Structures are given as C-alpha cells and as structure tokens.
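Text of the file query_34.tsv, holding TSV, C-alpha atoms and all ligand atoms:
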```tsv
chain	number	residue	atom	x	y	z
P	3	MET	CA	60.50	38.34	121.15
P	4	GLN	CA	61.56	39.44	117.68
P	5	SER	CA	65.36	39.48	117.24
P	6	GLU	CA	67.09	42.52	115.77
P	7	ARG	CA	67.92	40.76	112.49
P	8	GLU	CA	64.57	39.13	111.68
P	9	THR	CA	62.51	40.78	108.98
P	10	SER	CA	58.73	41.00	109.02
P	11	VAL	CA	56.08	42.45	106.77
P	12	LEU	CA	53.55	44.92	108.18
P	13	ALA	CA	50.26	45.73	106.49
P	14	PRO	CA	49.51	49.48	106.07
P	15	ASP	CA	47.06	49.31	108.99
P	16	ALA	CA	49.92	48.30	111.28
P	17	LEU	CA	51.21	51.89	111.10
P	18	GLU	CA	48.25	52.79	113.32
P	19	ASP	CA	49.42	50.16	115.80
P	20	LEU	CA	52.97	51.52	115.58
P	21	ILE	CA	51.83	55.06	116.47
P	22	ALA	CA	49.63	53.72	119.28
P	23	ALA	CA	52.47	51.57	120.65
P	24	LEU	CA	54.91	54.48	120.67
P	25	SER	CA	52.33	56.83	122.23
P	26	GLY	CA	51.60	54.17	124.84
P	27	LEU	CA	55.29	54.07	125.72
P	28	GLY	CA	55.15	57.81	126.43
P	29	PHE	CA	56.68	59.14	123.21
P	30	GLN	CA	55.57	62.31	121.43
P	31	VAL	CA	55.12	60.82	117.96
P	32	LEU	CA	56.27	62.97	115.03
P	33	GLY	CA	56.09	62.18	111.35
P	34	PRO	CA	55.30	63.44	107.86
P	35	THR	CA	51.98	65.07	107.08
P	36	LEU	CA	50.49	67.44	104.49
P	37	ARG	CA	50.31	71.12	105.37
P	38	ASP	CA	50.36	74.35	103.37
P	39	GLY	CA	51.08	72.58	100.09
P	40	ALA	CA	54.08	70.63	101.36
P	41	ILE	CA	54.97	67.46	103.25
P	42	VAL	CA	56.20	68.64	106.65
P	43	TYR	CA	56.98	67.00	109.99
P	44	ASP	CA	54.51	67.43	112.84
P	45	GLU	CA	52.92	65.60	115.75
P	46	LEU	CA	50.91	62.55	114.61
P	47	GLU	CA	47.91	61.20	116.44
P	48	SER	CA	46.88	58.77	113.74
P	49	ALA	CA	48.35	57.07	110.67
P	50	ALA	CA	45.56	58.75	108.68
P	51	GLU	CA	47.61	61.96	108.96
P	52	LEU	CA	50.47	60.45	106.90
P	53	PRO	CA	50.66	61.75	103.30
P	54	GLY	CA	49.12	58.61	101.76
P	55	GLY	CA	48.84	58.86	97.98
P	56	TRP	CA	50.94	62.02	97.66
P	57	THR	CA	54.36	62.68	96.19
P	58	ASP	CA	56.50	65.72	95.53
P	59	ARG	CA	58.17	67.00	92.38
P	60	GLN	CA	61.31	68.94	93.11
P	61	GLU	CA	63.69	70.95	90.98
P	62	ALA	CA	65.98	73.90	91.66
P	63	GLY	CA	63.72	76.59	93.16
P	64	ARG	CA	60.59	74.47	92.66
P	65	TYR	CA	58.45	72.17	94.86
P	66	ARG	CA	55.01	70.84	93.95
P	67	LEU	CA	52.79	68.15	95.47
P	68	GLU	CA	51.18	65.65	93.13
P	69	ARG	CA	48.80	62.75	93.53
P	70	ARG	CA	50.28	59.27	93.19
P	71	GLU	CA	48.43	56.43	91.57
P	72	ASP	CA	48.81	54.32	94.71
P	73	GLN	CA	48.40	54.90	98.43
P	74	ALA	CA	52.11	54.94	99.32
P	75	ARG	CA	52.59	56.51	102.75
P	76	PHE	CA	56.25	57.43	102.21
P	77	GLY	CA	56.27	57.93	98.43
P	78	TYR	CA	57.96	61.33	98.42
P	79	ALA	CA	61.48	62.68	98.95
P	80	VAL	CA	62.25	65.09	101.80
P	81	GLY	CA	60.28	68.31	102.33
P	82	PRO	CA	61.18	71.74	103.74
P	83	HIS	CA	61.31	70.50	107.33
P	84	SER	CA	64.09	68.42	108.78
P	85	TRP	CA	64.23	66.75	112.19
P	86	LYS	CA	66.52	69.56	113.33
P	87	ARG	CA	63.41	71.62	114.13
P	88	PHE	CA	62.59	69.14	116.93
P	89	LEU	CA	66.09	68.27	118.16
P	90	PHE	CA	67.47	71.82	117.80
P	91	PRO	CA	64.26	73.93	117.76
P	92	PRO	CA	64.16	77.37	116.08
P	93	GLU	CA	63.71	79.02	119.48
P	94	VAL	CA	64.66	77.77	122.94
P	95	THR	CA	64.47	79.73	126.19
P	96	LEU	CA	67.80	79.54	127.98
P	97	TRP	CA	66.77	81.27	131.21
P	98	ARG	CA	64.17	83.56	132.71
P	99	ALA	CA	64.71	86.16	135.40
P	100	ARG	CA	62.16	87.80	137.68
P	101	ARG	CA	62.17	90.02	140.69
P	102	GLY	CA	61.52	88.36	144.03
P	103	ALA	CA	59.49	89.76	146.92
P	104	ASP	CA	62.45	91.73	148.25
P	105	GLY	CA	63.45	93.06	144.85
P	106	GLU	CA	66.21	90.49	144.36
P	107	VAL	CA	66.71	89.01	140.88
P	108	ILE	CA	65.81	85.32	140.62
P	109	VAL	CA	67.21	83.50	137.59
P	110	GLU	CA	65.63	80.19	136.57
P	111	GLU	CA	66.54	77.68	133.88
P	112	PRO	CA	63.45	76.24	132.18
P	113	ARG	CA	62.72	72.59	132.82
P	114	LEU	CA	63.99	70.26	130.13
P	115	GLU	CA	61.40	68.48	128.01
P	116	ASP	CA	60.65	65.17	129.68
P	117	ARG	CA	58.59	63.54	126.93
P	118	PRO	CA	60.90	61.61	124.58
P	119	LEU	CA	60.44	61.97	120.83
P	120	ALA	CA	59.60	59.21	118.34
P	121	LEU	CA	60.51	60.22	114.80
P	122	ILE	CA	58.69	58.30	112.05
P	123	GLY	CA	59.88	58.38	108.43
P	124	VAL	CA	63.54	59.34	108.94
P	125	ARG	CA	65.48	58.95	105.68
P	126	SER	CA	69.05	57.74	105.45
P	127	CYS	CA	70.39	61.23	104.59
P	128	GLU	CA	68.55	62.50	107.67
P	129	LEU	CA	70.10	59.83	109.91
P	130	HIS	CA	73.48	61.08	108.70
P	131	ALA	CA	72.41	64.68	109.36
P	132	ILE	CA	71.37	63.78	112.93
P	133	GLU	CA	74.72	62.05	113.43
P	134	ILE	CA	76.48	65.21	112.22
P	135	GLN	CA	74.49	67.41	114.60
P	136	ASP	CA	75.19	64.94	117.44
P	137	ARG	CA	78.87	65.60	116.84
P	138	VAL	CA	78.38	69.37	116.71
P	139	PHE	CA	76.24	69.63	119.85
P	140	THR	CA	77.44	66.77	122.01
P	141	GLY	CA	80.76	65.57	120.59
P	142	GLY	CA	83.04	68.28	121.95
P	143	ARG	CA	84.07	69.74	125.24
P	144	TYR	CA	80.86	71.74	125.69
P	145	VAL	CA	77.69	69.66	125.43
P	146	ASP	CA	74.47	71.45	124.47
P	147	ARG	CA	72.15	70.53	127.34
P	148	ASP	CA	68.88	71.05	125.48
P	149	TYR	CA	69.94	69.13	122.34
P	150	ALA	CA	71.43	66.29	124.39
P	151	ASN	CA	68.18	65.94	126.34
P	152	ARG	CA	65.94	65.89	123.24
P	153	ARG	CA	68.25	63.48	121.46
P	154	LYS	CA	68.99	60.96	124.19
P	155	GLY	CA	65.69	59.14	124.35
P	156	ALA	CA	64.58	59.64	120.73
P	157	PHE	CA	63.13	56.54	119.06
P	158	ILE	CA	63.86	56.52	115.33
P	159	VAL	CA	61.75	54.75	112.72
P	160	ALA	CA	63.75	55.02	109.51
P	161	VAL	CA	62.25	54.55	106.06
P	162	ASN	CA	64.43	53.44	103.17
P	163	CYS	CA	63.97	55.69	100.15
P	164	THR	CA	62.10	54.14	97.28
P	165	THR	CA	61.37	57.50	95.59
P	166	ALA	CA	64.24	59.94	95.04
P	167	GLY	CA	63.63	63.64	94.47
P	168	GLY	CA	64.87	65.68	91.54
P	169	THR	CA	67.36	67.51	93.75
P	170	CYS	CA	68.60	64.49	95.77
P	171	PHE	CA	72.26	63.44	95.57
P	172	CYS	CA	72.74	61.18	98.61
P	173	VAL	CA	74.32	58.36	96.56
P	174	SER	CA	77.28	60.53	95.60
P	175	MET	CA	77.64	61.71	99.23
P	176	GLY	CA	77.60	58.12	100.56
P	177	THR	CA	74.58	58.86	102.76
P	178	GLY	CA	71.72	56.89	101.17
P	179	PRO	CA	69.25	55.81	100.01
P	180	GLU	CA	69.34	52.83	102.41
P	181	ALA	CA	69.46	53.31	106.20
P	182	ARG	CA	72.51	51.55	107.57
P	183	GLY	CA	72.42	52.39	111.27
P	184	GLY	CA	71.35	54.89	113.90
P	185	HIS	CA	67.69	53.75	113.90
P	186	ASP	CA	65.49	51.58	116.11
P	187	LEU	CA	63.30	50.29	113.30
P	188	VAL	CA	63.61	50.50	109.54
P	189	LEU	CA	60.76	50.14	107.06
P	190	THR	CA	60.86	49.65	103.29
P	191	GLU	CA	57.56	50.34	101.58
P	192	LEU	CA	56.48	47.54	99.21
P	193	LEU	CA	54.09	48.53	96.45
P	194	ALA	CA	54.68	46.12	93.58
P	195	ALA	CA	52.50	43.17	94.72
P	196	GLU	CA	50.69	43.64	98.01
P	197	HIS	CA	51.03	47.03	99.76
P	198	GLY	CA	53.03	46.66	102.96
P	199	PHE	CA	56.28	47.44	104.74
P	200	LEU	CA	59.30	45.25	105.17
P	201	ALA	CA	60.29	45.90	108.77
P	202	GLU	CA	63.53	45.20	110.59
P	203	ALA	CA	64.61	46.21	114.08
P	204	GLY	CA	67.84	48.14	114.51
P	205	SER	CA	68.03	48.04	118.31
P	206	PRO	CA	66.71	45.92	121.18
P	207	ARG	CA	63.94	48.44	121.93
P	208	GLY	CA	63.06	48.51	118.22
P	209	ALA	CA	62.70	44.71	118.40
P	210	GLU	CA	60.40	45.08	121.41
P	211	VAL	CA	58.13	47.51	119.56
P	212	LEU	CA	58.11	45.37	116.42
P	213	ALA	CA	57.15	42.35	118.50
P	214	VAL	CA	53.81	43.93	119.51
P	215	LEU	CA	52.78	44.87	115.94
P	216	PRO	CA	50.57	42.65	113.76
P	217	ARG	CA	52.95	41.19	111.15
P	218	ARG	CA	53.95	38.16	109.14
P	219	ALA	CA	57.41	36.74	108.46
P	220	ALA	CA	59.10	38.16	105.37
P	221	THR	CA	59.64	35.85	102.40
P	222	PRO	CA	62.59	35.88	99.96
P	223	ALA	CA	60.24	37.58	97.48
P	224	ASP	CA	59.58	40.41	99.98
P	225	LEU	CA	63.32	40.89	100.51
P	226	ALA	CA	63.93	40.95	96.74
P	227	ALA	CA	61.10	43.46	96.22
P	228	ALA	CA	62.49	45.73	98.94
P	229	GLY	CA	65.98	45.56	97.45
P	230	ALA	CA	64.63	46.39	93.98
P	231	ALA	CA	62.64	49.36	95.32
P	232	VAL	CA	65.73	50.87	96.99
P	233	ASP	CA	67.82	50.20	93.86
P	234	ALA	CA	65.21	52.09	91.82
P	235	ALA	CA	65.64	55.14	94.09
P	236	ARG	CA	69.41	54.86	93.67
P	237	GLU	CA	68.95	54.97	89.89
P	238	GLN	CA	66.48	57.89	90.03
P	239	MET	CA	68.83	60.25	91.87
P	240	GLY	CA	68.31	63.68	90.33
P	241	ARG	CA	71.84	64.99	90.88
P	242	SER	CA	75.35	64.03	91.96
P	243	MET	CA	78.38	65.75	93.39
P	244	GLN	CA	81.98	64.73	92.77
P	245	THR	CA	83.50	64.90	96.24
P	246	ASP	CA	87.05	63.64	95.82
P	247	ASP	CA	89.57	66.34	96.75
P	248	ILE	CA	86.64	68.73	97.41
P	249	ARG	CA	88.14	70.36	100.49
P	250	ASP	CA	91.37	71.24	98.68
P	251	LEU	CA	89.54	72.14	95.46
P	252	LEU	CA	87.54	74.82	97.30
P	253	ALA	CA	90.53	75.99	99.35
P	254	ARG	CA	92.51	76.48	96.13
P	255	ASN	CA	89.71	78.51	94.53
P	256	LEU	CA	88.71	81.13	97.09
P	257	GLU	CA	89.10	83.86	94.45
P	258	HIS	CA	87.43	81.96	91.59
P	259	PRO	CA	85.18	84.23	89.46
P	260	ARG	CA	82.31	81.78	90.00
P	261	TRP	CA	81.75	83.33	93.46
P	262	ASP	CA	80.89	86.61	91.73
P	263	ALA	CA	78.51	84.84	89.36
P	264	VAL	CA	76.63	83.12	92.21
P	265	ALA	CA	76.60	86.34	94.26
P	266	ALA	CA	74.89	88.15	91.38
P	267	ARG	CA	71.93	85.75	91.80
P	268	CYS	CA	71.94	85.13	95.57
P	269	LEU	CA	69.38	87.12	97.57
P	270	SER	CA	71.10	86.43	100.94
P	271	CYS	CA	67.70	85.23	102.18
P	272	GLY	CA	69.22	82.39	104.22
P	273	ASN	CA	66.58	79.85	103.08
P	274	CYS	CA	69.33	77.36	102.28
P	275	THR	CA	70.60	77.47	105.86
P	276	GLN	CA	67.14	77.23	107.45
P	277	VAL	CA	66.15	74.11	105.49
P	278	CYS	CA	69.57	72.45	105.74
P	279	PRO	CA	69.43	69.60	108.28
P	280	THR	CA	73.01	70.20	109.46
P	281	CYS	CA	73.29	74.03	109.61
P	282	PHE	CA	73.49	75.08	113.23
P	283	CYS	CA	74.14	78.85	113.38
P	284	SER	CA	72.24	80.46	116.22
P	285	ALA	CA	72.08	83.80	118.02
P	286	VAL	CA	71.10	84.77	121.54
P	287	GLU	CA	68.36	87.34	122.12
P	288	ASP	CA	67.37	89.07	125.34
P	289	SER	CA	63.94	90.54	126.04
P	290	THR	CA	62.18	92.12	129.00
P	291	ASP	CA	58.62	93.04	129.76
P	292	LEU	CA	57.73	96.73	129.78
P	293	SER	CA	57.59	96.91	133.58
P	294	GLY	CA	61.12	95.55	133.93
P	295	GLU	CA	59.91	92.79	136.27
P	296	THR	CA	60.88	89.84	134.07
P	297	ALA	CA	63.55	89.15	131.47
P	298	GLU	CA	64.28	86.23	129.22
P	299	ARG	CA	67.21	85.00	127.14
P	300	SER	CA	66.49	82.80	124.10
P	301	ARG	CA	68.55	80.98	121.54
P	302	VAL	CA	67.17	81.39	118.01
P	303	TRP	CA	68.24	80.03	114.64
P	304	ASP	CA	70.41	82.43	112.71
P	305	SER	CA	72.18	82.22	109.38
P	306	CYS	CA	75.66	82.91	108.10
P	307	PHE	CA	73.87	84.84	105.32
P	308	SER	CA	72.72	87.50	107.77
P	309	VAL	CA	75.03	90.52	107.95
P	310	GLU	CA	74.46	90.79	111.72
P	311	TYR	CA	75.65	87.23	112.26
P	312	SER	CA	79.22	88.20	111.41
P	313	HIS	CA	79.07	91.60	113.13
P	314	ILE	CA	82.02	92.16	115.43
P	315	HIS	CA	83.44	95.45	116.72
P	316	GLY	CA	83.72	97.80	113.78
P	317	GLY	CA	81.10	96.08	111.58
P	318	SER	CA	80.40	92.88	109.68
P	319	ILE	CA	83.32	90.80	108.48
P	320	ARG	CA	81.15	89.35	105.64
P	321	PRO	CA	79.05	92.17	104.26
P	322	THR	CA	78.61	90.80	100.71
P	323	ALA	CA	76.56	87.97	99.20
P	324	ARG	CA	79.79	86.71	97.61
P	325	GLY	CA	81.45	86.42	101.00
P	326	CYS	CA	78.39	84.79	102.61
P	327	TYR	CA	77.83	82.17	99.91
P	328	ARG	CA	81.53	81.35	99.76
P	329	GLN	CA	81.67	81.01	103.55
P	330	TRP	CA	78.59	78.76	103.58
P	331	MET	CA	79.71	76.46	100.79
P	332	THR	CA	83.38	76.22	101.73
P	333	HIS	CA	82.43	75.49	105.35
P	334	LYS	CA	79.75	72.96	104.45
P	335	LEU	CA	81.93	71.01	102.02
P	336	GLY	CA	85.48	71.83	103.09
P	337	THR	CA	86.40	73.24	106.48
P	338	TRP	CA	83.60	71.25	108.14
P	339	ILE	CA	85.83	68.23	107.48
P	340	ASP	CA	88.68	69.91	109.41
P	341	GLN	CA	86.31	70.87	112.21
P	342	PHE	CA	84.17	67.76	112.63
P	343	GLY	CA	85.79	65.01	110.55
P	344	THR	CA	82.93	64.69	108.02
P	345	SER	CA	81.34	66.72	105.26
P	346	GLY	CA	78.57	69.02	106.47
P	347	CYS	CA	76.42	68.03	103.49
P	348	VAL	CA	74.33	64.85	103.29
P	349	GLY	CA	72.99	65.39	99.77
P	350	CYS	CA	69.35	65.92	100.74
P	351	GLY	CA	68.87	68.63	98.08
P	352	ARG	CA	66.75	70.94	100.28
P	353	CYS	CA	68.99	73.99	99.73
P	354	ILE	CA	68.54	73.55	95.97
P	355	THR	CA	64.77	73.10	96.04
P	356	TRP	CA	64.06	75.91	98.49
P	357	CYS	CA	66.43	78.51	97.06
P	358	PRO	CA	64.07	81.08	95.52
P	359	VAL	CA	66.46	81.64	92.62
P	360	GLY	CA	67.40	77.98	92.16
P	361	ILE	CA	71.09	78.15	93.13
P	362	ASP	CA	72.38	74.58	93.07
P	363	ILE	CA	75.30	73.56	95.29
P	364	THR	CA	76.14	70.61	92.98
P	365	GLU	CA	76.26	72.94	89.96
P	366	GLU	CA	78.47	75.42	91.81
P	367	VAL	CA	81.00	72.74	92.77
P	368	ALA	CA	80.99	71.34	89.23
P	369	ALA	CA	81.51	74.80	87.73
P	370	ILE	CA	84.51	75.50	89.96
P	371	ARG	CA	85.95	72.06	89.21
P	372	LEU	CA	85.48	72.49	85.48
P	373	THR	CA	86.98	75.96	85.29
P	374	GLU	CA	89.60	75.71	88.01
P	375	ASP	CA	92.39	76.90	85.73
P	376	ASP	CA	90.42	80.03	84.79
P	377	GLY	CA	89.81	80.69	88.46
P	378	ALA	CA	93.47	80.27	89.38
P	379	ALA	CA	94.40	82.62	86.56
P	380	ALA	CA	91.90	85.18	87.81
P	381	ALA	CA	93.24	84.98	91.38
Z	401	LIG	S1	73.96	71.70	101.97
Z	401	LIG	FE1	72.00	71.42	100.88
Z	401	LIG	S2	72.06	69.31	100.08
Z	401	LIG	FE2	73.68	69.49	101.64
Z	401	LIG	S3	72.69	68.79	103.55
Z	401	LIG	FE3	72.43	71.03	103.49
Z	401	LIG	S4	70.43	71.34	102.49
Z	401	LIG	FE4	71.02	69.20	102.11
Z	402	LIG	S1	71.77	80.58	97.95
Z	402	LIG	FE1	69.55	80.84	97.54
Z	402	LIG	S2	68.55	80.21	99.46
Z	402	LIG	FE2	70.72	80.60	99.94
Z	402	LIG	S3	70.79	82.76	100.60
Z	402	LIG	FE3	71.22	82.76	98.39
Z	402	LIG	S4	69.20	83.05	97.40
Z	402	LIG	FE4	68.78	82.46	99.54
```
This entry written out as structure tokens:
Amino acid sequence: MQSERETSVLAPDALEDLIAALSGLGFQVLGPTLRDGAIVYDELESAAELPGGWTDRQEAGRYRLERREDQARFGYAVGPHSWKRFLFPPEVTLWRARRGADGEVIVEEPRLEDRPLALIGVRSCELHAIEIQDRVFTGGRYVDRDYANRRKGAFIVAVNCTTAGGTCFCVSMGTGPEARGGHDLVLTELLAAEHGFLAEAGSPRGAEVLAVLPRRAATPADLAAAGAAVDAAREQMGRSMQTDDIRDLLARNLEHPRWDAVAARCLSCGNCTQVCPTCFCSAVEDSTDLSGETAERSRVWDSCFSVEYSHIHGGSIRPTARGCYRQWMTHKLGTWIDQFGTSGCVGCGRCITWCPVGIDITEEVAAIRLTEDDGAAAA
C-alpha cells in the first residue's frame, strides 16, 4: 500500500479512475464544472465534466471565463460557489409536522444524509474556510447536527493552486496557495513537460485510494516542477492585506469617515456574504400547507446585510448600509478573532469579485490604515 508521504504522478486519465474509485466507495462525488458562464461545484459523474482548458479572469466586480492554451483541469482560481453550499446548504429542513389519524400533531426530524461527500478540487484557502466553519458549527457547546453529519465522513481531494486569481490574497492571510493539512489527497497539476498531477496522500484512507489509481513514482524533476508551479501562483497573487494589529485597528476606527464612503456605494445586496466560504448567518422559516395538515420549519441562509436579520423588538438595530458593512467587515476581520480564535477571512477574494459595485475588502482596510489619523479626528 502507498504510504502517506510517498509522492506519485497521475496521468490526466487517472482522474476518471479517482472519481470511479470514490463513487465505488459510496461517496457522492462533487467537483468543479462549467455552468452558466462560471466554474461552479456540482455532482460529477465523469472527469469529462471538469473545466479542462478553461480559466477565469477576476477583478473587483468582474468575472469572465476564458480558454486556456492547454487542457489544465484545475487552471482557474475559485468561482462563486464554495463548499459551504454542500456542508451548510442554503436550505435545510429542521422538522416536519403532520396531523395523525386522531388529530394529534406528529413532529418528525428528517433523516440525516447517509451518503458521504467526496470533494474534488478543494483549494488551500477553502480548507482553511472549512476548518473555520468546523469551529463555528461543531467547536462549541452546541453542535450543529446537520453540519456535523455532512462533514464527518467527507473525503477531501485538495488541489494546490498553480493559477491565482486577480482578487486572491491568501498569501497575506497565511492560508495558501499550498494545502498543508485537512485533506485526504493533494494534487498539484503539472503542465510544463508532460501533463499530469503530482499526488500525495494526506491520510491513511487517502493512501488507500491513491494505491488503486494508475500512477508512477514521482521523480525529483516532478517535485521541482510542482514547487515551481505553486511558487508562480504565490507570485501572481492579485492583492494583499496587511493584517498585523487589524483587530485593534478596526476597533479604534468605528467612526472613521471611510464607512460613509463605502456605504455610499454598497447596495446591501448581501452577495459578499452569500459567496463567502465562512459566513454562516441563517434564519429559520416556518411554512404550512393551505389545509393546515402539515407544517415545516427550515433553516435558510441569511445575511447581516438584510435589515430583517437584525430586527429585534422595536425594529432593526442596523438599518443602514454603513452599519451593515461595518458590522460585516469588523466581525470578519476583528471580533471573529475574539469569538473563534482566528480571522473569519481566508483571502479567497470572492466578496471582491462578486460585489456588483466592486467594493474591495483589502482596499477598505488599507484606506482605514492609511487615513487612521483623519478618522480619529473625525470621531
Ligand atoms: S471576506 Fe471575502 S476574501 Fe475573505 S473569505 Fe470571505 S469572501 Fe473570501
Ligand atoms: S459590499 Fe458589495 S456585495 Fe456586499 S452588500 Fe455591499 S454591494 Fe452587495
């Protein structure tokens, strides 16, 4: 059997064997594919569904697919989906109620999903995001039953980044571009000489899966090529964020005039929170059928940008875009550290790309840092 530390090289065709092996083990296999002009995550039945030969160009408020000159399967940055949509789905039924034969109310919890997930193409920033959500949903006194169930058996095939996006800043957040743990297998796509994937197991079950794939032993040249490809992504990083003292910087500047400037542009659409792989706001909705015979309670994604989300007796406590953006950013980068011991941002850049008006969290932090004295004076 392959040990966890041995490295192998897989030919592109071996991805078909990987999907077949994971399906054969009972996993629902999920991975990147093209849909609606973007690279999204969905169920994969074949490696032909991977976005071979495609890349993305990303800038603040802009995302475009382009053809690559090669057939790279993972030659793009991250798209609008994150793995949160499978581990913490946008809508989950919490319970259903119906009337029994004698008119009594019978309440039932839905059965938990019993098919474990296999996630293919997980980037380093996304591994960090999953780790953050693990802490949010399972690290405290109250464990989220649905999340814990989806997460516990998940098989993770990480892919080291060899192409960074224009809005990526994982290097400055210490979250990438190289996967350093939390995966079962890690691949690095090699394109310079022969097309293939340097593969290394990250867990005993990852080693078992790797052992059944057609492969050859990696050579020092393969290892050097993989290292160079990841270094190239590190150099390509489109943005950076200076994080030292960030919690206190934001706490000192709650009345900085920059919040007004960003609020004048922000549409309060909540896109940034929906695409963010760590945001976890949710609401609970009840519904009944028209006859009153059945009722259902669901948990749905919500956003701290929605006025209703902060509605308590007497009205919303954050009725303005200024208040919402400030709450989102100071929580993500500051008070998240107090709450969970890490930043809530992994530098994936999605909130920048998918903001319809191109608001850039790295630019907002830099502006506050640069003009802190003005802000303090204005307070
Ligand atoms: S705040 Fe933005 S850059 Fe940071 S993890 Fe969320 S979407 Fe990614
Ligand atoms: S920052 Fe951008 S994405 Fe977020 S709510 Fe405002 S306009 Fe929408």
- request: Mind giving me the straight-line distance from CA of Met331 in chain P to CA of Gly316 in chain P in Å, one decimal?
  value: 25.3 Å
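Selection around (53.2, 41.1, 119.7) with radius 12 Å, counting only C-alpha atoms, yields the residues Met3, Gln4, Ala16, Asp19, Leu20, Ala23, Ala209, Glu210, Val211, Leu212, Ala213, Val214, Leu215, Pro216, Arg217 and Arg218 of chain P.
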- request: Could you give me the residues within 10 Å of ligand LIG 402 (chain Z), counting only C-alpha atoms and all ligand atoms, as a PyMOL selection string?
  value: chain P and resi 62-63+264-277+305-308+323-324+326-328+330-331+352-363
Mind running chain P against ligand LIG 401 (chain Z) at 6 Å and telling me each contacting residue's nearest atom pair with the distance in Å (one decimal), counting only C-alpha atoms and all ligand atoms, chain and number ascending, as a tab-separated table?
```
residue	atom	partner	partner_atom	distance
P:Val277	CA	Z:LIG401	S4	5.9
P:Cys278	CA	Z:LIG401	S4	3.5
P:Pro279	CA	Z:LIG401	S3	5.8
P:Cys347	CA	Z:LIG401	FE2	3.6
P:Val348	CA	Z:LIG401	S3	4.3
P:Gly349	CA	Z:LIG401	S2	4.0
P:Cys350	CA	Z:LIG401	FE4	3.9
P:Gly351	CA	Z:LIG401	S2	3.8
P:Arg352	CA	Z:LIG401	S4	4.3
P:Cys353	CA	Z:LIG401	S4	4.1
```
Give me the residues of range 132-200 of chain P that have any atom at most 10 Å from an atom of range 51-58 of chain P; for each, the nearest atom pair and the distance in Å, rounded to one decimal. Use only C-alpha atoms, sort by chain and number, and format it as a tab-separated table.
```
residue	atom	partner	partner_atom	distance
P:Thr165	CA	P:Thr57	CA	8.7
P:Ala166	CA	P:Asp58	CA	9.7
P:Gly167	CA	P:Asp58	CA	7.5
P:Gly168	CA	P:Asp58	CA	9.3
```
- prompt: CA of Phe282 in chain P and CA of Val80 in chain P are how many Å apart?
  reply: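 Between CA of Phe282 in chain P and CA of Val80 in chain P the gap is 18.9 Å.
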query: Which is closest to Glu45 in chain P among P:Leu114, P:Ile108, P:Leu292, P:Leu121, if we use all atoms listed in the file?
result: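 Distance minimum relative to Glu45 in chain P lands on P:Leu121.
With all atoms listed in the file as the atoms that count, the minimum distance from Ala74 in chain P to the choices P:Gly317, P:Pro222, P:Pro14, P:Gly346 is reached by P:Pro14.
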Can you tell me, as an mmCIF file with C-alpha atoms, in the coordinates of the input, what residues are no more than 12 Å from Asp116 in chain P when counting all atoms listed in the file, ignoring any on the same chain fewer than 2 positions away?
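The resulting file, result-v1.cif, is shown below:
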```cif
data_model
loop_
_atom_site.group_PDB
_atom_site.id
_atom_site.type_symbol
_atom_site.label_atom_id
_atom_site.label_comp_id
_atom_site.auth_asym_id
_atom_site.auth_seq_id
_atom_site.Cartn_x
_atom_site.Cartn_y
_atom_site.Cartn_z
ATOM 1 C CA GLY P 28 55.150 57.810 126.430
ATOM 2 C CA PHE P 29 56.680 59.140 123.210
ATOM 3 C CA GLN P 30 55.570 62.310 121.430
ATOM 4 C CA PRO P 112 63.450 76.240 132.180
ATOM 5 C CA ARG P 113 62.720 72.590 132.820
ATOM 6 C CA LEU P 114 63.990 70.260 130.130
ATOM 7 C CA PRO P 118 60.900 61.610 124.580
ATOM 8 C CA LEU P 119 60.440 61.970 120.830
ATOM 9 C CA ASP P 148 68.880 71.050 125.480
ATOM 10 C CA ASN P 151 68.180 65.940 126.340
ATOM 11 C CA ARG P 152 65.940 65.890 123.240
ATOM 12 C CA ARG P 153 68.250 63.480 121.460
ATOM 13 C CA LYS P 154 68.990 60.960 124.190
ATOM 14 C CA GLY P 155 65.690 59.140 124.350
ATOM 15 C CA ALA P 156 64.580 59.640 120.730
#
```
field: Residue with smallest distance to Phe76 in chain P - pool P:Leu189, P:Val11, P:Cys170, P:Met175, counting all atoms listed in the file
entry: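 Using all atoms listed in the file, the shortest distance to Phe76 in chain P belongs to P:Leu189.
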message: Please compute the CA of Thr296 in chain P-CA of Pro91 in chain P distance, one decimal, in Å.
response: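 CA of Pro91 in chain P lies 23.0 Å from CA of Thr296 in chain P.
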query: Quick one: residues within 9 Å of range 250-255 of chain P, only C-alpha atoms counted, chain neighbours fewer than 2 positions away excluded, as JSON, numbers by chain?
result: {"P": [246, 247, 248, 257, 258, 259, 331, 332, 335, 336, 337, 367, 370, 371, 374, 377, 378, 381]}
Those residues with C-alpha atoms, as a compact mmCIF listing (two decimals), in the frame of the given file please?
```txt
# COMPACT_ATOMS: atom_id res chain seq x y z
CA ASP P 246 87.05 63.64 95.82
CA ASP P 247 89.57 66.34 96.75
CA ILE P 248 86.64 68.73 97.41
CA GLU P 257 89.10 83.86 94.45
CA HIS P 258 87.43 81.96 91.59
CA PRO P 259 85.18 84.23 89.46
CA MET P 331 79.71 76.46 100.79
CA THR P 332 83.38 76.22 101.73
CA LEU P 335 81.93 71.01 102.02
CA GLY P 336 85.48 71.83 103.09
CA THR P 337 86.40 73.24 106.48
CA VAL P 367 81.00 72.74 92.77
CA ILE P 370 84.51 75.50 89.96
CA ARG P 371 85.95 72.06 89.21
CA GLU P 374 89.60 75.71 88.01
CA GLY P 377 89.81 80.69 88.46
CA ALA P 378 93.47 80.27 89.38
CA ALA P 381 93.24 84.98 91.38
```
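Once range 318-321 of chain P and its same-chain neighbours fewer than 6 positions away are set aside, Val309, Glu310 and Ser312 of chain P remain within 7 Å of it when counting all atoms listed in the file.
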field: Residue nearest Ala131 in chain P among P:Glu191, P:Trp303, P:Ser84, P:Tyr43 (counting all atoms listed in the file)
entry: P:Ser84
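Nearest residue to Arg299 in chain P, choosing from P:Arg59, P:Arg64, P:Arg98, P:His313 and counting only C-alpha atoms: P:Arg98.
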Could the centre and edge lengths of an axis-aligned box, enclosing all atoms of range 227-232 of chain P in the file with 8 Å extra on each side, be given in Å to one decimal as JSON?
```
{"center_x": 63.5, "center_y": 47.2, "center_z": 96.5, "size_x": 20.9, "size_y": 23.4, "size_z": 21.0}
```
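With all atoms listed in the file as the basis for measurement, P:Glu106 is the residue among P:Glu106, P:Glu128, P:Asp340, P:Glu71 that approaches Glu295 in chain P most closely.
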Counting all atoms listed in the file, which residues in range 69-116 of chain P sit no more than 12 Å from range 234-243 of chain P? For each one, give the nearest pair of atoms and the distance in Å, sorted by chain then residue number, as CSV.
```
residue,atom,partner,partner_atom,distance
P:Gly77,CA,P:Ala235,CA,10.7
P:Tyr78,CA,P:Ala235,CA,10.8
P:Ala79,CA,P:Ala235,CA,9.9
```
field: Long-range neighbours of Gly343 in chain P as a count of residues only, 12 Å cut-off, all atoms listed in the file, 4 positions minimum in chain
entry: 12
